[in-house]
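Structure file input-v6.txt with compact mmCIF, C-alpha atoms:
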# COMPACT_ATOMS: atom_id res chain seq x y z
CA MET A 153 9.48 -15.09 -1.98
CA PRO A 154 6.64 -12.53 -2.33
CA PHE A 155 3.70 -12.31 0.03
CA GLY A 156 0.94 -14.81 -0.64
CA PHE A 157 -2.05 -16.55 0.90
CA GLU A 158 -3.34 -20.04 0.16
CA LEU A 159 -6.74 -21.16 1.41
CA SER A 160 -6.53 -24.90 2.06
CA LYS A 161 -9.72 -25.86 3.91
CA LYS A 162 -13.18 -24.55 4.76
CA CYS A 163 -15.25 -25.78 7.69
CA LYS A 164 -18.45 -27.54 6.64
CA GLU A 165 -20.48 -26.14 9.57
CA SER A 166 -19.21 -22.55 9.81
CA GLN A 167 -17.07 -19.88 8.15
CA ALA A 168 -13.90 -21.22 9.84
CA ARG A 169 -11.01 -21.74 7.42
CA ARG A 170 -7.46 -23.01 7.20
CA GLY A 171 -4.78 -21.25 5.26
CA ARG A 172 -1.13 -20.45 4.84
CA ILE A 173 0.49 -17.02 4.60
CA THR A 174 3.82 -16.91 2.81
CA THR A 175 6.34 -14.16 3.49
CA SER A 176 10.02 -13.79 2.66
CA ARG A 177 10.73 -14.75 6.28
CA GLY A 178 8.71 -17.91 6.47
CA VAL A 179 5.27 -19.48 6.37
CA ILE A 180 2.51 -18.71 8.88
CA GLU A 181 -0.22 -21.31 9.29
CA THR A 182 -3.65 -19.77 9.85
CA PRO A 183 -5.66 -19.20 11.96
CA ALA A 184 -2.72 -17.58 13.76
CA PHE A 185 -2.05 -15.43 16.81
CA MET A 186 0.59 -12.68 16.79
CA PRO A 187 2.22 -11.83 20.13
CA VAL A 188 2.44 -8.08 20.58
CA GLY A 189 5.90 -6.52 20.70
CA THR A 190 4.83 -2.89 20.73
CA GLN A 191 8.28 -1.38 21.33
CA ALA A 192 10.36 -3.99 19.46
CA THR A 193 10.04 -6.49 22.29
CA VAL A 194 7.38 -8.91 23.41
CA LYS A 195 7.44 -8.04 27.08
CA ALA A 196 9.16 -10.45 29.49
CA ILE A 197 10.31 -12.95 26.86
CA ALA A 198 13.24 -13.29 24.44
CA PRO A 199 13.01 -13.75 20.65
CA ARG A 200 14.75 -17.12 21.04
CA ASP A 201 11.91 -18.29 23.29
CA LEU A 202 9.25 -17.05 20.88
CA LYS A 203 10.73 -19.20 18.14
CA GLU A 204 10.99 -22.17 20.49
CA LEU A 205 7.34 -22.02 21.54
CA GLY A 206 6.18 -21.72 17.94
CA SER A 207 5.58 -18.03 17.12
CA ARG A 208 6.22 -17.23 13.46
CA ILE A 209 4.99 -13.64 13.36
CA ILE A 210 4.85 -10.84 15.93
CA LEU A 211 3.38 -7.34 15.96
CA ALA A 212 5.18 -4.05 16.57
CA ASN A 213 3.87 -0.49 16.63
CA THR A 214 4.76 2.33 14.26
CA TYR A 215 3.75 5.14 16.60
CA HIS A 216 5.83 3.94 19.54
CA LEU A 217 8.93 3.06 17.49
CA TYR A 218 8.79 6.37 15.63
CA LEU A 219 8.90 8.23 18.95
CA ARG A 220 11.42 5.92 20.61
CA PRO A 221 14.12 4.99 19.64
CA GLY A 222 13.35 6.87 16.39
CA MET A 223 13.75 6.02 12.72
CA GLY A 224 17.40 7.09 12.60
CA VAL A 225 18.43 4.42 15.10
CA ILE A 226 16.39 1.65 13.47
CA SER A 227 17.57 2.61 9.97
CA GLU A 228 21.20 2.56 11.09
CA ALA A 229 20.62 -0.86 12.67
CA GLY A 230 19.48 -2.20 9.30
CA GLY A 231 15.75 -2.33 9.99
CA LEU A 232 13.52 -3.60 12.75
CA HIS A 233 14.31 -7.31 12.30
CA LYS A 234 18.03 -6.77 12.84
CA PHE A 235 17.48 -4.19 15.56
CA MET A 236 15.48 -6.64 17.70
CA SER A 237 17.22 -9.82 16.48
CA TRP A 238 14.04 -11.44 15.17
CA ASP A 239 14.20 -13.34 11.88
CA GLY A 240 10.50 -14.26 11.74
CA ALA A 241 7.80 -12.12 10.17
CA ILE A 242 6.69 -8.79 11.64
CA LEU A 243 3.41 -6.93 11.22
CA THR A 244 3.44 -3.26 12.16
CA ASP A 245 0.28 -1.39 13.08
CA SER A 246 0.04 2.16 11.78
CA GLY A 247 -0.20 3.63 15.28
CA GLY A 248 -3.62 5.01 14.46
CA PHE A 249 -5.23 3.43 17.53
CA GLN A 250 -2.61 4.96 19.83
CA ILE A 251 -2.87 8.39 18.20
CA PHE A 252 -6.63 8.47 18.41
CA SER A 253 -6.45 7.44 22.05
CA LEU A 254 -4.62 10.70 22.79
CA GLN A 255 -7.73 12.71 23.62
CA GLY A 256 -6.81 16.39 23.81
CA LEU A 257 -3.34 15.73 22.37
CA ARG A 258 -4.22 15.35 18.67
CA ASP A 259 -5.94 17.21 15.87
CA ILE A 260 -7.33 15.44 12.78
CA SER A 261 -7.51 17.05 9.35
CA GLU A 262 -7.87 15.84 5.79
CA GLU A 263 -4.11 15.92 5.41
CA GLY A 264 -3.39 13.77 8.47
CA VAL A 265 -3.09 13.86 12.25
CA LYS A 266 -1.17 16.34 14.35
CA PHE A 267 -0.37 14.96 17.79
CA LYS A 268 1.78 15.46 20.85
CA SER A 269 4.08 12.74 22.10
CA HIS A 270 2.92 11.01 25.26
CA ILE A 271 6.61 10.83 26.23
CA ASP A 272 7.78 14.45 26.13
CA GLY A 273 4.92 16.51 24.69
CA SER A 274 6.75 17.24 21.42
CA SER A 275 4.58 17.89 18.34
CA HIS A 276 4.44 15.55 15.33
CA PHE A 277 2.40 15.19 12.16
CA PHE A 278 1.43 11.88 10.54
CA THR A 279 0.11 11.81 7.00
CA PRO A 280 -0.95 8.53 5.35
CA GLU A 281 2.18 8.74 3.22
CA LYS A 282 4.49 9.33 6.18
CA VAL A 283 3.04 6.36 8.10
CA VAL A 284 3.80 4.07 5.16
CA GLU A 285 7.24 5.61 4.74
CA ILE A 286 8.05 4.95 8.41
CA GLN A 287 7.08 1.32 7.94
CA HIS A 288 9.34 1.14 4.88
CA ILE A 289 12.22 2.10 7.17
CA LEU A 290 11.10 -0.46 9.75
CA GLY A 291 11.11 -3.13 7.03
CA SER A 292 8.14 -5.03 8.47
CA ASP A 293 6.61 -7.77 6.33
CA ILE A 294 2.98 -6.65 6.70
CA ILE A 295 2.15 -2.96 7.10
CA MET A 296 -0.98 -0.96 7.91
CA PRO A 297 -2.32 2.35 6.55
CA LEU A 298 -3.30 5.29 8.72
CA ASP A 299 -6.95 5.08 9.74
CA GLU A 300 -9.25 6.54 12.38
CA CYS A 301 -10.32 4.06 15.04
CA LEU A 302 -13.65 5.22 16.44
CA PRO A 303 -14.57 4.79 20.11
CA TYR A 304 -17.70 2.96 21.22
CA PRO A 305 -20.33 4.26 21.04
CA SER A 306 -19.97 6.68 18.12
CA ASP A 307 -22.41 9.00 16.40
CA TYR A 308 -23.56 7.73 12.99
CA GLU A 309 -22.98 10.99 11.13
CA TYR A 310 -19.44 11.31 12.45
CA ALA A 311 -18.75 7.63 11.73
CA LYS A 312 -19.85 8.17 8.12
CA TYR A 313 -17.70 11.30 7.79
CA SER A 314 -14.72 9.55 9.40
CA LEU A 315 -15.03 6.50 7.16
CA ALA A 316 -15.00 8.59 3.99
CA ARG A 317 -11.77 10.24 5.14
CA THR A 318 -10.24 6.91 6.19
CA ASN A 319 -11.02 5.54 2.71
CA ARG A 320 -9.29 8.52 1.12
CA TRP A 321 -6.31 7.94 3.38
CA ALA A 322 -6.29 4.27 2.31
CA MET A 323 -6.13 5.32 -1.36
CA ARG A 324 -3.28 7.73 -0.65
CA SER A 325 -1.46 5.00 1.28
CA ILE A 326 -1.73 2.39 -1.46
CA GLU A 327 -0.68 4.83 -4.19
CA PHE A 328 2.35 5.95 -2.18
CA HIS A 329 3.29 2.33 -1.42
CA LYS A 330 3.01 1.25 -5.06
CA ASN A 331 5.10 4.20 -6.25
CA SER A 332 7.79 3.54 -3.65
CA GLY A 333 9.00 0.31 -5.21
CA LYS A 334 8.27 -1.56 -1.96
CA TRP A 335 4.98 -3.14 -3.12
CA HIS A 336 6.46 -6.63 -3.56
CA GLU A 337 8.59 -6.44 -0.40
CA GLN A 338 5.94 -5.43 2.13
CA ALA A 339 2.23 -6.35 2.07
CA LEU A 340 -0.06 -3.39 2.79
CA PHE A 341 -3.39 -4.48 4.31
CA GLY A 342 -6.57 -2.43 4.09
CA ILE A 343 -8.45 -1.70 7.33
CA VAL A 344 -12.23 -2.04 7.44
CA GLN A 345 -13.85 0.64 9.61
CA GLY A 346 -17.37 2.03 9.99
CA GLY A 347 -18.12 1.72 13.68
CA MET A 348 -20.95 -0.65 14.60
CA PHE A 349 -23.05 0.38 11.59
CA ASN A 350 -23.86 -2.30 9.04
CA ASP A 351 -24.15 -0.03 6.02
CA LEU A 352 -20.88 1.74 6.81
CA ARG A 353 -19.01 -1.54 7.19
CA VAL A 354 -20.37 -2.64 3.80
CA GLU A 355 -19.31 0.69 2.29
CA SER A 356 -15.83 0.29 3.77
CA VAL A 357 -15.39 -3.23 2.43
CA LYS A 358 -16.52 -2.27 -1.08
CA ALA A 359 -14.12 0.66 -1.22
CA LEU A 360 -11.15 -1.40 0.01
CA ILE A 361 -11.84 -4.29 -2.36
CA GLU A 362 -11.73 -1.85 -5.28
CA MET A 363 -8.25 -0.82 -4.13
CA ASP A 364 -7.22 -4.51 -4.18
CA PHE A 365 -5.10 -4.89 -1.04
CA PRO A 366 -3.11 -8.13 -0.47
CA GLY A 367 -4.98 -8.62 2.83
CA TYR A 368 -7.72 -7.04 4.91
CA SER A 369 -7.88 -6.04 8.57
CA ILE A 370 -11.05 -5.47 10.54
CA GLY A 371 -10.52 -2.52 12.86
CA GLY A 372 -12.69 -0.62 15.30
CA LEU A 373 -13.75 -3.69 17.29
CA SER A 374 -12.79 -4.76 20.82
CA VAL A 375 -13.07 -1.08 21.80
CA GLY A 376 -15.57 -1.56 24.61
CA GLU A 377 -18.60 -2.82 22.72
CA PRO A 378 -20.51 -5.89 24.00
CA LYS A 379 -19.30 -9.18 22.53
CA GLU A 380 -22.68 -9.72 20.87
CA ILE A 381 -22.21 -6.54 18.84
CA MET A 382 -18.67 -7.53 17.83
CA HIS A 383 -20.01 -10.88 16.62
CA GLN A 384 -22.82 -9.18 14.72
CA VAL A 385 -20.37 -6.87 12.96
CA LEU A 386 -18.23 -9.85 11.98
CA ASP A 387 -21.30 -11.77 10.81
CA TYR A 388 -22.12 -9.18 8.19
CA THR A 389 -18.60 -7.92 7.44
CA THR A 390 -16.34 -10.96 7.08
CA PRO A 391 -18.33 -12.79 4.35
CA LEU A 392 -17.97 -9.71 2.14
CA LEU A 393 -14.17 -9.91 2.16
CA PRO A 394 -12.33 -11.76 -0.63
CA ALA A 395 -11.98 -15.46 0.18
CA ASP A 396 -8.49 -15.59 -1.33
CA LYS A 397 -7.02 -12.90 0.95
CA PRO A 398 -6.12 -13.15 4.67
CA ARG A 399 -8.48 -11.57 7.23
CA TYR A 400 -6.99 -9.98 10.33
CA LEU A 401 -9.08 -8.99 13.36
CA MET A 402 -7.19 -6.32 15.26
CA GLY A 403 -6.84 -6.35 19.05
CA VAL A 404 -8.58 -9.64 19.96
CA GLY A 405 -6.81 -12.37 21.94
CA LYS A 406 -8.92 -14.21 24.50
CA PRO A 407 -9.11 -17.98 23.89
CA GLU A 408 -12.92 -17.96 23.81
CA ASP A 409 -12.83 -15.09 21.30
CA PHE A 410 -10.62 -17.11 18.97
CA PHE A 411 -13.36 -19.70 18.58
CA GLU A 412 -16.17 -17.21 18.03
CA CYS A 413 -14.20 -15.15 15.53
CA ILE A 414 -12.59 -18.05 13.68
CA GLN A 415 -16.10 -19.47 13.32
CA ARG A 416 -16.92 -16.20 11.54
CA GLY A 417 -14.00 -16.45 9.09
CA ILE A 418 -11.07 -14.67 10.79
CA ASP A 419 -7.49 -15.81 10.04
CA MET A 420 -5.22 -13.59 12.17
CA PHE A 421 -5.30 -12.11 15.67
CA ASP A 422 -3.17 -9.94 17.93
CA CYS A 423 -3.63 -8.78 21.51
CA VAL A 424 -1.57 -7.67 24.52
CA LEU A 425 -3.87 -9.54 26.91
CA PRO A 426 -2.02 -12.91 27.16
CA THR A 427 1.29 -11.26 28.03
CA ARG A 428 -0.21 -8.49 30.16
CA ILE A 429 -2.17 -10.84 32.42
CA ALA A 430 0.89 -13.11 32.67
CA ARG A 431 2.92 -10.26 34.14
CA ASN A 432 0.17 -9.83 36.73
CA GLY A 433 0.18 -13.51 37.68
CA THR A 434 -2.77 -14.84 35.65
CA VAL A 435 -2.22 -17.87 33.44
CA LEU A 436 -4.31 -19.69 30.86
CA THR A 437 -5.12 -23.41 31.05
CA TRP A 438 -7.33 -25.93 29.27
CA LYS A 439 -9.80 -25.47 32.14
CA GLY A 440 -9.75 -21.68 32.30
CA LYS A 441 -7.67 -18.98 33.99
CA ILE A 442 -5.64 -19.40 37.18
CA VAL A 443 -4.67 -16.40 39.35
CA LEU A 444 -1.38 -17.61 40.79
CA LYS A 445 -1.28 -14.98 43.55
CA ASN A 446 -4.31 -16.54 45.24
CA SER A 447 -3.54 -18.11 48.62
CA GLN A 448 -4.92 -21.51 47.55
CA TYR A 449 -1.74 -22.09 45.52
CA LYS A 450 0.72 -21.48 48.36
CA ASN A 451 1.27 -25.22 48.89
CA ASP A 452 0.14 -26.41 45.45
CA PHE A 453 3.03 -28.36 43.94
CA LYS A 454 1.35 -29.22 40.67
CA PRO A 455 2.33 -27.49 37.41
CA ILE A 456 0.12 -24.71 36.06
CA ASP A 457 -1.50 -27.22 33.71
CA GLU A 458 -0.80 -30.93 33.89
CA ASN A 459 -1.64 -31.23 30.18
CA CYS A 460 0.94 -28.63 29.16
CA GLN A 461 4.47 -29.50 28.02
CA CYS A 462 5.95 -25.98 28.06
CA TYR A 463 9.22 -25.19 29.84
CA THR A 464 7.36 -23.62 32.75
CA CYS A 465 5.03 -26.56 33.36
CA ARG A 466 7.77 -29.15 32.96
CA ASN A 467 9.97 -27.54 35.60
CA PHE A 468 8.02 -25.38 38.06
CA THR A 469 5.03 -25.61 40.39
CA ARG A 470 2.14 -23.30 41.15
CA ALA A 471 3.55 -22.84 44.65
CA TYR A 472 6.91 -21.67 43.30
CA LEU A 473 5.31 -19.37 40.76
CA ARG A 474 3.08 -17.88 43.44
CA HIS A 475 6.16 -17.26 45.57
CA LEU A 476 7.83 -15.42 42.66
CA PHE A 477 4.85 -13.11 42.18
CA ILE A 478 4.38 -12.44 45.89
CA ALA A 479 8.11 -11.67 46.16
CA ASP A 480 7.92 -9.50 43.01
CA GLU A 481 10.62 -11.51 41.26
CA ILE A 482 11.10 -10.93 37.51
CA LEU A 483 11.34 -14.64 36.81
CA GLY A 484 7.63 -15.01 37.59
CA ALA A 485 6.66 -12.70 34.74
CA TYR A 486 8.95 -14.56 32.34
CA LEU A 487 7.68 -18.04 33.25
CA ALA A 488 4.02 -17.03 33.14
CA THR A 489 4.47 -15.23 29.81
CA TYR A 490 6.21 -18.23 28.31
CA HIS A 491 3.37 -20.48 29.44
CA ASN A 492 0.57 -18.23 28.16
CA LEU A 493 2.10 -17.84 24.71
CA PHE A 494 2.89 -21.56 24.51
CA PHE A 495 -0.69 -22.32 25.51
CA LEU A 496 -2.10 -20.06 22.79
CA GLU A 497 0.19 -21.57 20.14
CA ARG A 498 -0.98 -25.08 21.10
CA LEU A 499 -4.60 -23.92 21.17
CA LEU A 500 -4.36 -22.47 17.65
CA GLU A 501 -2.54 -25.61 16.53
CA ARG A 502 -5.45 -27.74 17.75
CA ILE A 503 -7.99 -25.37 16.22
CA ARG A 504 -6.24 -25.70 12.86
CA ALA A 505 -6.28 -29.49 13.18
CA SER A 506 -9.99 -29.44 14.08
CA ILE A 507 -10.77 -27.47 10.91
CA ASP A 508 -8.70 -29.90 8.84
CA ASP A 509 -10.62 -32.83 10.35
CA ASP A 510 -14.09 -31.21 10.11
CA ARG A 511 -14.60 -31.17 13.88
CA PHE A 512 -14.13 -27.48 14.66
CA ILE A 513 -17.61 -26.93 16.14
CA ASN A 514 -17.26 -29.97 18.41
CA PHE A 515 -13.85 -28.80 19.57
CA LYS A 516 -15.20 -25.30 20.21
CA GLU A 517 -18.11 -26.59 22.29
CA ASP A 518 -15.87 -28.93 24.28
CA PHE A 519 -13.35 -26.17 25.06
CA LEU A 520 -15.95 -23.56 26.01
CA ASN A 521 -17.80 -26.06 28.22
CA ARG A 522 -14.60 -26.91 30.08
CA ILE A 523 -13.55 -23.33 30.79
CA SER A 524 -17.10 -22.36 31.80
CA LEU A 525 -17.07 -24.99 34.54
CA ARG A 526 -14.23 -23.27 36.38
Have the structure of the file written as structure tokens, please.
Amino acid sequence: MPFGFELSKKCKESQARRGRITTSRGVIETPAFMPVGTQATVKAIAPRDLKELGSRIILANTYHLYLRPGMGVISEAGGLHKFMSWDGAILTDSGGFQIFSLQGLRDISEEGVKFKSHIDGSSHFFTPEKVVEIQHILGSDIIMPLDECLPYPSDYEYAKYSLARTNRWAMRSIEFHKNSGKWHEQALFGIVQGGMFNDLRVESVKALIEMDFPGYSIGGLSVGEPKEIMHQVLDYTTPLLPADKPRYLMGVGKPEDFFECIQRGIDMFDCVLPTRIARNGTVLTWKGKIVLKNSQYKNDFKPIDENCQCYTCRNFTRAYLRHLFIADEILGAYLATYHNLFFLERLLERIRASIDDDRFINFKEDFLNRISLR
């Protein structure tokens, strides 16, 4: 079945929306969160568990997989899905964010980006065409073009220059993808850039819409800017995007951010935060975060969240989990990761239901009030 998106419901009081993404590997109800499996693994949890807790799509990273284990290994394995034993959908980022984070180790030109590996210092060169070709080998269901992710703050003149080049890269990417014969197998999303500048974001959207991508990502946010600025950028960017295509906000994953960004019309999210904080002993609940290493939980024999039905909460106590983290036992990272991802899946499930029932704003206010009391 080819890639598709169906918009099923719009919130009466905001830009929040319900939809359904169809891929050859299953249906993804939106708004949706994608756990991050940068190196072909979502850290501290097995693919079997991801399916059990409700994940239908995960994210992997082109840059990291290209460097290690390399395209030869993944090609011989039969593609990324078989290599990591995951039969759900996969979205792969282009690796642009990682490359542009390599200050002093990369050189940008019109043709592409020359960079040195953070692993062994070896030199590599990514063109827009090569990035798409790598993702063809990976076989991911949704793929991203090479773009330049600007830091915050950025100079306006450079942002304008960078955007023009990113748009040219987007055109090269889509032409290469169409000519490859993979157009109907893998959905290539456009990436909206332009820094924090209104006119540049508008320019980016217009250019990408003319190229007619199957979906659109909003990049260059959650890079250190204040939340108010991120919201402002979404306020004037998201309504310009086609209503009949999915909208993916890159790198955002806090529960409170889901509400603010869904309210502004976002359909898809990814972020390392829920799994990263889990490995450090911080867990998410319906009343806010809990830092399990804190001494107050040493003799606390309640579950992480008494309203949670995940494997962790049904079987283990805060006291036991604290012991695992204090003793540096691997099981602690697994149990906390399972809980955090289960929590986010249930949160998105309830957000979708609230949009269906025209009570999204009430649900948002109730949730944010509860976590702010902690």
Contact table region 173-234 of chain A vs region 476-489 of chain A, cut-off 9 Å, shortest pair per residue, all atoms listed in the file, as JSON lines:
{"residue": "A:Lys195", "atom": "CA", "partner": "A:Thr489", "partner_atom": "CA", "distance": 8.2}
{"residue": "A:Ala196", "atom": "CA", "partner": "A:Tyr486", "partner_atom": "CA", "distance": 5.0}
{"residue": "A:Ile197", "atom": "CA", "partner": "A:Tyr486", "partner_atom": "CA", "distance": 5.9}
Please provide as an mmCIF file with C-alpha atoms, in the coordinates of the input all residues within 12 Å of Met402 (chain A), with the sequence filter that same-chain residues fewer than 5 positions apart are discarded (counting all atoms listed in the file).
data_model
loop_
_atom_site.group_PDB
_atom_site.id
_atom_site.type_symbol
_atom_site.label_atom_id
_atom_site.label_comp_id
_atom_site.auth_asym_id
_atom_site.auth_seq_id
_atom_site.Cartn_x
_atom_site.Cartn_y
_atom_site.Cartn_z
ATOM 1 C CA PHE A 185 -2.050 -15.430 16.810
ATOM 2 C CA MET A 186 0.590 -12.680 16.790
ATOM 3 C CA PRO A 187 2.220 -11.830 20.130
ATOM 4 C CA VAL A 188 2.440 -8.080 20.580
ATOM 5 C CA LEU A 211 3.380 -7.340 15.960
ATOM 6 C CA LEU A 243 3.410 -6.930 11.220
ATOM 7 C CA THR A 244 3.440 -3.260 12.160
ATOM 8 C CA ASP A 245 0.280 -1.390 13.080
ATOM 9 C CA SER A 246 0.040 2.160 11.780
ATOM 10 C CA GLY A 248 -3.620 5.010 14.460
ATOM 11 C CA PHE A 249 -5.230 3.430 17.530
ATOM 12 C CA MET A 296 -0.980 -0.960 7.910
ATOM 13 C CA CYS A 301 -10.320 4.060 15.040
ATOM 14 C CA PHE A 341 -3.390 -4.480 4.310
ATOM 15 C CA GLY A 342 -6.570 -2.430 4.090
ATOM 16 C CA ILE A 343 -8.450 -1.700 7.330
ATOM 17 C CA VAL A 344 -12.230 -2.040 7.440
ATOM 18 C CA GLN A 345 -13.850 0.640 9.610
ATOM 19 C CA TYR A 368 -7.720 -7.040 4.910
ATOM 20 C CA SER A 369 -7.880 -6.040 8.570
ATOM 21 C CA ILE A 370 -11.050 -5.470 10.540
ATOM 22 C CA GLY A 371 -10.520 -2.520 12.860
ATOM 23 C CA GLY A 372 -12.690 -0.620 15.300
ATOM 24 C CA LEU A 373 -13.750 -3.690 17.290
ATOM 25 C CA SER A 374 -12.790 -4.760 20.820
ATOM 26 C CA VAL A 375 -13.070 -1.080 21.800
ATOM 27 C CA MET A 382 -18.670 -7.530 17.830
ATOM 28 C CA PHE A 410 -10.620 -17.110 18.970
ATOM 29 C CA CYS A 413 -14.200 -15.150 15.530
ATOM 30 C CA ILE A 418 -11.070 -14.670 10.790
ATOM 31 C CA ASP A 419 -7.490 -15.810 10.040
ATOM 32 C CA MET A 420 -5.220 -13.590 12.170
ATOM 33 C CA PHE A 421 -5.300 -12.110 15.670
ATOM 34 C CA ASP A 422 -3.170 -9.940 17.930
ATOM 35 C CA CYS A 423 -3.630 -8.780 21.510
ATOM 36 C CA VAL A 424 -1.570 -7.670 24.520
#
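Closest to Tyr313 (chain A) among A:Pro366, A:Glu300, A:Cys462, A:Ile456 is A:Glu300, based on all atoms listed in the file.
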Please list as a PyMOL selection string every residue within 12 Å of Asn467 (chain A), counting all atoms listed in the file and excluding residues in the same chain fewer than 6 positions away.
chain A and resi 453-458+460-461+473+487+491
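For region 167-172 of chain A, the list of residues within 7 Å, based on all atoms listed in the file and with local chain neighbours fewer than 3 positions off taken out, reads Phe157, Glu158, Leu159, Ser160, Lys161, Lys162, Cys163, Val179, Ile180, Glu181, Thr182, Pro183, Ile414, Gln415, Arg416, Gly417, Arg504 and Ile507 of chain A.
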Enumerate, as a count of residues only, the protein, DNA and RNA residues whose atoms approach (4.3, 17.8, 17.3) to within 12 Å, taking into account all atoms listed in the file and the coordinate frame of the file.
19
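Of the listed residues A:Pro305, A:Ala316, A:Leu352, A:Gly291, the one whose atoms come nearest to Pro378 (chain A) is A:Pro305, with distances taken using only C-alpha atoms.
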Out of A:Ser253, A:Asn459, A:Ser166, A:Asn213, which residue has the shortest atom-to-atom distance to Thr193 (chain A) when counting all atoms listed in the file?
A:Asn213
To one decimal place in Å, what is the distance between CA of Leu298 (chain A) and CA of Val284 (chain A)?
8.0 Å
Quick one: residues within 8 Å of Asn319 (chain A), all atoms listed in the file counted, chain neighbours fewer than 3 positions away excluded, as a VMD selection string?
chain A and resid 315 to 316 322 to 323 356 359 to 360
